[in-house]
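Participant: Below you'll find my_file_29.tsv; it's TSV, C-alpha atoms.
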chain	number	residue	atom	x	y	z
A	1	MET	CA	103.97	103.35	130.52
A	2	SER	CA	103.18	100.42	132.83
A	3	LYS	CA	105.77	97.77	133.61
A	4	ILE	CA	103.86	95.03	131.74
A	5	LEU	CA	103.50	97.20	128.63
A	6	PHE	CA	107.19	98.11	128.72
A	7	ILE	CA	108.24	94.45	128.97
A	8	LEU	CA	105.91	93.41	126.15
A	9	LEU	CA	107.14	96.26	123.96
A	10	ILE	CA	110.79	95.27	124.40
A	11	SER	CA	109.97	91.60	123.80
A	12	THR	CA	108.04	92.37	120.62
A	13	GLN	CA	110.80	94.59	119.29
A	14	LEU	CA	113.34	91.82	119.82
A	15	THR	CA	111.21	89.18	118.08
A	16	PHE	CA	109.66	91.41	115.43
A	17	THR	CA	109.35	89.55	112.14
A	18	GLN	CA	112.25	90.34	109.86
A	19	THR	CA	109.98	89.89	106.86
A	20	VAL	CA	107.82	92.84	107.87
A	21	GLN	CA	110.93	94.94	108.54
A	22	ASP	CA	112.15	94.06	105.04
A	23	LEU	CA	108.76	95.01	103.61
A	24	PHE	CA	109.04	98.41	105.25
A	25	ASN	CA	112.44	98.87	103.60
A	26	GLU	CA	111.29	97.59	100.20
A	27	TYR	CA	107.82	99.14	100.12
A	28	HIS	CA	108.75	101.28	97.11
A	29	PHE	CA	108.72	98.16	94.93
A	30	PHE	CA	105.00	97.65	95.58
A	31	VAL	CA	103.56	101.16	95.79
A	32	GLU	CA	100.86	101.79	93.18
A	33	LYS	CA	102.31	104.80	91.39
A	34	ASN	CA	99.05	105.69	89.61
A	35	LEU	CA	97.54	106.63	92.96
A	36	ASN	CA	99.63	109.52	94.21
A	37	LYS	CA	97.13	112.31	94.96
A	38	ARG	CA	95.27	113.07	98.17
A	39	GLU	CA	91.92	112.48	96.48
A	40	VAL	CA	91.13	109.05	94.98
A	41	LYS	CA	88.14	108.88	92.66
A	42	HIS	CA	86.28	105.98	91.06
A	43	LYS	CA	87.87	106.66	87.67
A	44	ASP	CA	91.31	106.34	89.27
A	45	ILE	CA	90.77	102.78	90.47
A	46	LEU	CA	88.85	101.41	87.45
A	47	PRO	CA	91.95	100.69	85.29
A	48	LEU	CA	93.66	99.12	88.30
A	49	ILE	CA	90.68	96.85	88.94
A	50	ASN	CA	90.57	95.90	85.26
A	51	LYS	CA	94.24	94.97	85.56
A	52	LEU	CA	93.41	92.66	88.48
A	53	LYS	CA	90.87	90.87	86.27
A	54	ASN	CA	93.75	89.66	84.11
A	55	SER	CA	95.50	88.02	87.06
A	56	LYS	CA	94.88	84.39	88.02
A	57	LEU	CA	95.34	85.29	91.67
A	58	PHE	CA	92.42	87.72	91.97
A	59	SER	CA	88.70	87.29	91.42
A	60	VAL	CA	86.85	90.54	90.71
A	61	GLU	CA	83.09	90.74	91.10
A	62	LYS	CA	80.72	93.67	90.67
A	63	VAL	CA	78.52	93.50	93.76
A	64	GLY	CA	76.30	96.46	92.97
A	65	SER	CA	76.19	100.12	91.99
A	66	SER	CA	76.06	103.41	93.83
A	67	LEU	CA	73.10	105.76	93.60
A	68	GLN	CA	74.78	107.53	90.67
A	69	ASN	CA	75.45	104.18	88.98
A	70	ARG	CA	79.15	103.75	89.73
A	71	ASP	CA	80.19	100.12	90.05
A	72	ILE	CA	81.20	98.75	93.43
A	73	PHE	CA	83.62	95.82	93.33
A	74	LEU	CA	84.55	92.94	95.60
A	75	ILE	CA	88.06	91.56	95.11
A	76	ARG	CA	88.85	88.05	96.39
A	77	PHE	CA	92.12	86.17	96.72
A	78	GLY	CA	93.67	83.51	98.94
A	79	LYS	CA	92.37	80.04	99.80
A	80	GLY	CA	92.62	79.79	103.58
A	81	GLU	CA	89.93	78.82	106.06
A	82	THR	CA	90.11	82.13	107.93
A	83	LYS	CA	88.08	84.83	106.19
A	84	VAL	CA	89.24	88.46	106.35
A	85	PHE	CA	87.08	91.31	105.00
A	86	LEU	CA	88.47	94.80	104.34
A	87	TRP	CA	86.56	97.86	103.16
A	88	SER	CA	87.71	101.42	102.51
A	89	GLN	CA	86.41	104.84	101.50
A	90	MET	CA	83.04	104.39	103.15
A	91	HIS	CA	83.54	108.11	103.56
A	92	GLY	CA	84.35	109.42	100.09
A	93	ASP	CA	87.04	111.84	101.25
A	94	GLU	CA	89.01	109.27	103.28
A	95	SER	CA	91.30	107.65	100.74
A	96	THR	CA	94.58	106.79	102.48
A	97	ALA	CA	93.76	103.12	103.02
A	98	THR	CA	92.37	102.79	99.49
A	99	MET	CA	95.81	103.59	98.14
A	100	ALA	CA	97.38	101.10	100.54
A	101	LEU	CA	94.99	98.35	99.42
A	102	PHE	CA	96.20	98.68	95.84
A	103	ASP	CA	99.77	98.54	97.14
A	104	LEU	CA	98.78	95.25	98.80
A	105	PHE	CA	97.35	93.94	95.53
A	106	ASN	CA	100.69	94.76	93.90
A	107	PHE	CA	102.52	92.93	96.67
A	108	PHE	CA	100.45	89.76	96.47
A	109	GLY	CA	100.45	89.81	92.67
A	110	SER	CA	104.19	90.44	92.31
A	111	SER	CA	106.50	87.76	90.94
A	112	THR	CA	109.36	88.56	93.32
A	113	GLU	CA	110.82	85.58	95.16
A	114	ASN	CA	111.96	87.69	98.12
A	115	PHE	CA	108.72	87.28	100.05
A	116	LYS	CA	107.39	84.06	98.55
A	117	GLN	CA	107.29	82.11	101.80
A	118	PHE	CA	105.56	84.98	103.57
A	119	LYS	CA	102.98	85.37	100.81
A	120	ASP	CA	102.35	81.63	100.64
A	121	LEU	CA	101.68	81.58	104.39
A	122	LEU	CA	99.08	84.32	104.12
A	123	LEU	CA	97.42	83.02	100.94
A	124	ASN	CA	97.18	79.46	102.26
A	125	LYS	CA	95.85	80.45	105.66
A	126	ILE	CA	93.53	83.34	104.76
A	127	SER	CA	90.81	84.07	102.21
A	128	PHE	CA	90.73	87.83	101.56
A	129	TYR	CA	87.66	89.86	100.55
A	130	VAL	CA	88.15	93.55	99.73
A	131	ILE	CA	85.82	96.41	98.76
A	132	PRO	CA	88.34	99.17	97.99
A	133	MET	CA	85.75	101.94	97.53
A	134	VAL	CA	82.35	101.71	99.22
A	135	ASN	CA	81.25	105.29	98.46
A	136	PRO	CA	82.30	106.20	94.89
A	137	ASP	CA	79.76	109.05	94.63
A	138	GLY	CA	81.20	110.75	97.70
A	139	ALA	CA	84.70	110.16	96.37
A	140	GLU	CA	83.77	111.92	93.15
A	141	ILE	CA	83.22	115.23	94.96
A	142	ASN	CA	85.63	114.49	97.83
A	143	ASP	CA	82.80	114.42	100.34
A	144	ARG	CA	82.18	112.30	103.42
A	145	ARG	CA	78.57	111.48	102.56
A	146	ASN	CA	76.98	109.75	99.60
A	147	ALA	CA	74.75	111.29	96.90
A	148	LEU	CA	71.76	111.27	99.28
A	149	GLY	CA	73.75	113.21	101.87
A	150	ILE	CA	73.80	110.14	104.13
A	151	ASP	CA	76.77	109.18	106.26
A	152	LEU	CA	77.07	105.51	105.33
A	153	ASN	CA	78.65	104.75	108.68
A	154	ARG	CA	75.38	105.68	110.35
A	155	ASP	CA	73.31	103.53	107.98
A	156	ALA	CA	74.25	99.99	108.99
A	157	ILE	CA	70.79	99.14	110.39
A	158	ALA	CA	68.42	101.16	108.22
A	159	ALA	CA	70.50	100.53	105.06
A	160	GLN	CA	68.62	103.24	103.19
A	161	SER	CA	71.47	103.77	100.71
A	162	PRO	CA	72.38	101.21	98.05
A	163	GLU	CA	76.02	101.38	99.15
A	164	SER	CA	75.04	100.46	102.73
A	165	SER	CA	72.96	97.52	101.52
A	166	ILE	CA	75.86	96.28	99.39
A	167	LEU	CA	78.31	96.41	102.30
A	168	ARG	CA	75.93	94.65	104.66
A	169	ASN	CA	74.95	92.00	102.08
A	170	VAL	CA	78.58	91.19	101.32
A	171	PHE	CA	79.31	90.88	105.04
A	172	ASN	CA	76.36	88.51	105.50
A	173	GLN	CA	77.48	86.37	102.56
A	174	ILE	CA	81.09	86.15	103.72
A	175	LYS	CA	80.56	85.90	107.49
A	176	PRO	CA	84.19	86.98	108.01
A	177	ASP	CA	86.29	85.99	110.99
A	178	PHE	CA	87.97	89.41	110.96
A	179	GLY	CA	86.98	92.76	109.49
A	180	PHE	CA	89.11	95.85	108.83
A	181	ASN	CA	87.20	99.13	108.78
A	182	LEU	CA	89.55	101.62	107.11
A	183	HIS	CA	89.18	105.38	107.61
A	184	ASP	CA	90.98	108.73	107.89
A	185	GLN	CA	90.78	110.80	111.04
A	186	TYR	CA	91.43	114.38	112.06
A	187	PRO	CA	95.18	114.84	111.41
A	188	ARG	CA	95.76	117.06	114.44
A	189	TYR	CA	94.81	114.45	117.01
A	190	SER	CA	97.46	113.93	119.66
A	191	VAL	CA	98.35	110.70	121.44
A	192	GLY	CA	96.71	111.37	124.78
A	193	LYS	CA	98.14	114.50	126.36
A	194	THR	CA	101.51	114.15	124.63
A	195	LYS	CA	102.88	116.46	121.95
A	196	LYS	CA	102.98	113.62	119.39
A	197	THR	CA	100.44	113.40	116.59
A	198	ALA	CA	98.33	110.25	116.28
A	199	ALA	CA	99.61	108.85	112.97
A	200	ILE	CA	97.51	105.72	113.37
A	201	SER	CA	94.60	105.13	115.73
A	202	PHE	CA	92.99	101.77	116.42
A	203	LEU	CA	89.73	100.63	117.94
A	204	ALA	CA	88.06	97.33	118.72
A	205	PRO	CA	84.48	98.70	118.44
A	206	SER	CA	82.04	98.11	121.25
A	207	THR	CA	78.98	95.91	120.86
A	208	GLY	CA	77.00	97.82	123.46
A	209	GLU	CA	77.06	94.82	125.79
A	210	THR	CA	78.30	94.88	129.37
A	211	GLU	CA	80.92	92.19	128.76
A	212	PRO	CA	83.20	92.06	125.68
A	213	THR	CA	82.35	89.39	123.13
A	214	LYS	CA	84.80	86.86	121.73
A	215	SER	CA	85.08	88.90	118.52
A	216	GLN	CA	85.89	92.06	120.49
A	217	LEU	CA	88.50	90.25	122.57
A	218	ASN	CA	90.15	88.87	119.41
A	219	ALA	CA	90.16	92.34	117.88
A	220	SER	CA	91.62	93.84	121.07
A	221	ARG	CA	94.43	91.30	121.22
A	222	LEU	CA	95.21	91.77	117.54
A	223	ILE	CA	95.36	95.54	117.98
A	224	GLY	CA	97.63	95.01	120.97
A	225	GLU	CA	100.07	93.11	118.78
A	226	LEU	CA	99.86	95.73	116.04
A	227	PHE	CA	100.49	98.47	118.58
A	228	LEU	CA	103.60	96.75	119.89
A	229	SER	CA	104.91	96.02	116.39
A	230	LEU	CA	104.15	99.41	114.85
A	231	ASN	CA	105.93	101.21	117.66
A	232	LYS	CA	109.15	100.06	116.00
A	233	PHE	CA	108.43	102.47	113.15
A	234	ILE	CA	106.48	105.32	114.80
A	235	PRO	CA	107.21	105.16	118.55
A	236	GLY	CA	104.69	107.12	120.56
A	237	HIS	CA	102.51	108.03	117.57
A	238	ILE	CA	99.75	105.42	118.02
A	239	ALA	CA	96.47	106.15	119.79
A	240	LYS	CA	93.05	104.69	120.35
A	241	TYR	CA	89.90	106.05	118.72
A	242	SER	CA	86.89	106.97	120.84
A	243	ASP	CA	85.22	103.78	122.08
A	244	GLU	CA	81.77	105.29	122.51
A	245	TYR	CA	79.19	102.79	121.26
A	246	GLU	CA	77.40	103.88	118.06
A	247	PRO	CA	74.41	101.57	117.38
A	248	ARG	CA	74.07	102.71	113.75
A	249	ALA	CA	77.70	102.17	112.73
A	250	PHE	CA	79.00	99.28	110.66
A	251	GLY	CA	82.02	98.54	112.83
A	252	ASP	CA	79.98	98.26	116.02
A	253	ASN	CA	77.39	96.04	114.35
A	254	PHE	CA	79.88	93.83	112.52
A	255	GLN	CA	81.55	93.32	115.90
A	256	LYS	CA	78.17	92.44	117.41
A	257	TRP	CA	77.46	90.05	114.52
A	258	GLY	CA	80.57	88.01	115.29
A	259	SER	CA	83.42	89.38	113.18
A	260	GLY	CA	86.55	90.51	115.04
A	261	THR	CA	86.44	94.08	113.75
A	262	ILE	CA	89.39	96.46	113.80
A	263	LEU	CA	89.01	100.14	113.04
A	264	ILE	CA	92.14	101.73	111.57
A	265	GLU	CA	92.16	105.52	111.37
A	266	SER	CA	94.89	107.23	109.33
A	267	GLY	CA	95.89	110.43	111.08
A	268	GLY	CA	98.60	113.04	110.62
A	269	TRP	CA	102.36	113.06	110.15
A	270	LYS	CA	104.72	116.01	109.84
A	271	ASN	CA	105.41	117.12	106.26
A	272	ASP	CA	103.09	114.46	104.85
A	273	PRO	CA	100.09	116.43	103.50
A	274	ARG	CA	99.29	113.77	100.87
A	275	LYS	CA	99.56	111.07	103.56
A	276	GLN	CA	101.99	108.93	101.59
A	277	PHE	CA	103.92	107.90	104.69
A	278	ILE	CA	100.65	107.11	106.48
A	279	ARG	CA	99.71	105.06	103.42
A	280	LYS	CA	102.93	103.08	103.88
A	281	LEU	CA	102.05	102.53	107.54
A	282	ASN	CA	98.69	101.11	106.45
A	283	PHE	CA	100.47	98.70	104.10
A	284	ILE	CA	102.79	97.48	106.86
A	285	THR	CA	100.07	97.39	109.50
A	286	LEU	CA	97.74	95.26	107.40
A	287	LEU	CA	100.47	92.79	106.44
A	288	ARG	CA	101.48	92.52	110.09
A	289	ALA	CA	97.83	91.91	110.99
A	290	PHE	CA	97.51	89.20	108.35
A	291	GLU	CA	100.65	87.50	109.63
A	292	SER	CA	99.30	87.59	113.19
A	293	ILE	CA	95.97	86.12	112.07
A	294	ALA	CA	97.65	83.41	109.99
A	295	SER	CA	99.94	82.36	112.84
A	296	GLU	CA	97.36	83.08	115.57
A	297	SER	CA	100.08	84.90	117.51
A	298	PHE	CA	97.59	87.59	118.61
A	299	LYS	CA	96.06	85.07	121.02
A	300	LYS	CA	99.16	85.37	123.23
A	301	ILE	CA	98.86	89.15	123.68
A	302	ASP	CA	97.76	90.43	127.08
A	303	LEU	CA	94.55	92.50	126.91
A	304	ASN	CA	96.21	95.16	129.09
A	305	VAL	CA	98.26	96.23	126.05
A	306	TYR	CA	95.10	97.34	124.24
A	307	SER	CA	93.49	98.90	127.30
A	308	GLU	CA	96.56	101.04	127.98
A	309	ILE	CA	96.80	102.59	124.50
A	310	PRO	CA	96.13	106.35	125.01
A	311	PHE	CA	93.00	107.83	123.47
A	312	ASN	CA	93.03	110.55	120.81
A	313	GLU	CA	92.99	114.08	122.17
A	314	ARG	CA	93.04	117.48	120.47
A	315	ASN	CA	96.27	119.20	121.43
A	316	HIS	CA	97.76	120.19	118.06
A	317	TYR	CA	97.32	123.24	115.86
A	318	ASP	CA	98.99	124.54	112.71
A	319	LEU	CA	99.55	127.97	114.21
A	320	ILE	CA	99.13	129.53	117.67
A	321	LEU	CA	99.29	133.29	118.15
A	322	ARG	CA	99.72	134.15	121.83
A	323	ASN	CA	99.00	137.24	123.91
A	324	LEU	CA	97.05	139.03	121.21
A	325	THR	CA	95.28	142.23	122.13
A	326	MET	CA	91.65	141.89	121.02
A	327	ASP	CA	89.14	144.73	120.70
A	328	TYR	CA	85.48	144.16	121.45
A	329	PHE	CA	83.75	147.49	120.80
A	330	GLY	CA	86.40	149.36	122.70
A	331	PHE	CA	86.91	146.70	125.38
A	332	LEU	CA	90.48	145.42	125.13
A	333	TYR	CA	91.45	141.95	126.30
A	334	LYS	CA	94.27	139.41	125.88
A	335	ALA	CA	93.73	136.10	124.06
A	336	ASP	CA	95.52	133.27	122.30
A	337	LEU	CA	94.37	132.36	118.79
A	338	ALA	CA	94.78	128.79	117.48
A	339	ILE	CA	94.44	128.14	113.74
A	340	ASN	CA	94.09	124.89	111.84
A	341	ILE	CA	94.59	125.39	108.12
A	342	TRP	CA	93.31	121.85	107.48
A	343	PHE	CA	89.70	122.93	107.88
A	344	ARG	CA	89.98	124.86	104.62
A	345	ASN	CA	90.00	121.53	102.80
A	346	LYS	CA	86.91	119.36	102.30
A	347	ILE	CA	88.20	116.53	104.44
A	348	SER	CA	86.23	114.74	107.14
A	349	PHE	CA	87.19	112.15	109.67
A	350	GLY	CA	85.97	109.02	111.39
As structure tokens, please, write out the structure in this file.
Facilitator:
Amino acid sequence: MSKILFILLISTQLTFTQTVQDLFNEYHFFVEKNLNKREVKHKDILPLINKLKNSKLFSVEKVGSSLQNRDIFLIRFGKGETKVFLWSQMHGDESTATMALFDLFNFFGSSTENFKQFKDLLLNKISFYVIPMVNPDGAEINDRRNALGIDLNRDAIAAQSPESSILRNVFNQIKPDFGFNLHDQYPRYSVGKTKKTAAISFLAPSTGETEPTKSQLNASRLIGELFLSLNKFIPGHIAKYSDEYEPRAFGDNFQKWGSGTILIESGGWKNDPRKQFIRKLNFITLLRAFESIASESFKKIDLNVYSEIPFNERNHYDLILRNLTMDYFGFLYKADLAINIWFRNKISFG
């Protein structure tokens, strides 16, 4: 770790907002208990969305339907000048952040006085726009792609799928200042060459330009602050997603179109197969991000913090069998065999 990163990490730990620390400790009051399985389907969120319709805080709008005629909803709340757009489950089998979003709805809609000042700050400074499930048809069969077999995250330009058109149209209507692209990644990623799993990975997507844009710089600084803050809870378990430019992806294009876009990938954590702890990290990370946006504290973060976050690498396996004697038609040789049980599940990443 460089000297500048070490100094910034210590400084952030000393000044870390007590409110967010308290939220970490009191998360259990806000967790949406009806979402407690690894797979989240459209039918699971419908009663929760109907519940939001009865709240004065939230505005719920049907913004379109999937190819198989499942409703896609946009949830709005807050009255601030800064517009923040969040979308989840673009890949139907990546549901960790979807659960965390409903935890956030519970938090903002709660009547507790403990965090009133914190909530008032966020709601007065930010207008929130959330699509909690972009790909309900994929979610129905726990599949990455939609009913046409299209990866929606490679359909930002062509927009051949109705779900892609909905996401792009909502973005164009909102013109958000910040966007949060919420995904799940391969749970065996390591933080660089270390032995620690990447529980959370961030990325400020590229625009394909030689020089970073203002939106990309804002996203990079914000990620830098999140990295420093989140290290309090999961030291050494934060990485950076591949920054290769993908011209068909929503994150890259939203960044290019002027929204400070942050990719958050939910990775792996020991003894957390249903990703409930990672879900909690999403809850805390997003609230910390909102606080940073509301206070504009991210503007003070050195860009070196983001640039020095290690990239994801593949150094973890569920089981390694070493020095096996293998037989190839009578030819004996020694080999190590690495096994990842995860691939037996229909889960995809990125």
Participant: Mind pulling up the distance from CA of Thr96 (chain A) to CA of Glu32 (chain A)?
Facilitator: 12.3 Å
Participant: Figure out the distance between CA of Ile131 (chain A) and CA of Val84 (chain A), please, to one decimal in Å.
Facilitator: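 Computing the Euclidean distance for CA of Val84 (chain A) and CA of Ile131 (chain A) yields 11.5 Å.
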Participant: Using only C-alpha atoms, pick whichever of A:Gly268, A:Gly78, A:Pro187, A:Gly179 has the shortest atom-to-atom distance to Asn253 (chain A).
Facilitator: A:Gly179
Participant: Which residue, A:Pro205, A:Gly267, A:Gly251, A:Gly260, has the smallest gap to Gln185 (chain A) when you use only C-alpha atoms?
Facilitator: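 Among the listed residues, the smallest separation from Gln185 (chain A) belongs to A:Gly267.
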Participant: Tell me which of A:Arg248, A:Lys33, A:His316, A:His28 sits closest to Ala159 (chain A), counting all atoms listed in the file.
Facilitator: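 Of all the options, A:Arg248 lies closest to Ala159 (chain A).
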Participant: Taking all atoms listed in the file into account, name the residue in A:Ile339, A:Phe73, A:Ser297, A:Asn135 that is nearest to Tyr317 (chain A).
Facilitator: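 Nearest to Tyr317 (chain A): A:Ile339.
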Participant: For Gly224 (chain A), which of A:Ser164, A:Gln117, A:Thr210, A:Ser201 is the closest residue, counting only C-alpha atoms?
Facilitator: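 Among the listed residues, the smallest separation from Gly224 (chain A) belongs to A:Ser201.
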Participant: From the list A:Phe24, A:Phe105, A:Ser295, A:Phe77, which residue is nearest Phe277 (chain A) when using only C-alpha atoms?
Facilitator: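 Under the stated criterion, the closest residue is A:Phe24.
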Participant: Would you mind reading off the distance between CA of Ala204 (chain A) and CA of Ala97 (chain A), one decimal, in Å?
Facilitator: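 Here the two named atoms are 17.7 Å from each other.
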Participant: Just give me the residues with any atom within 8 Å of (101.4, 110.5, 96.7), file coordinates, counting all atoms listed in the file, written as a list in words.
Facilitator: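 Checking each residue against the 8 Å limit leaves Lys33, Leu35, Asn36, Lys37, Arg38, Arg274, Lys275 and Gln276 of chain A.
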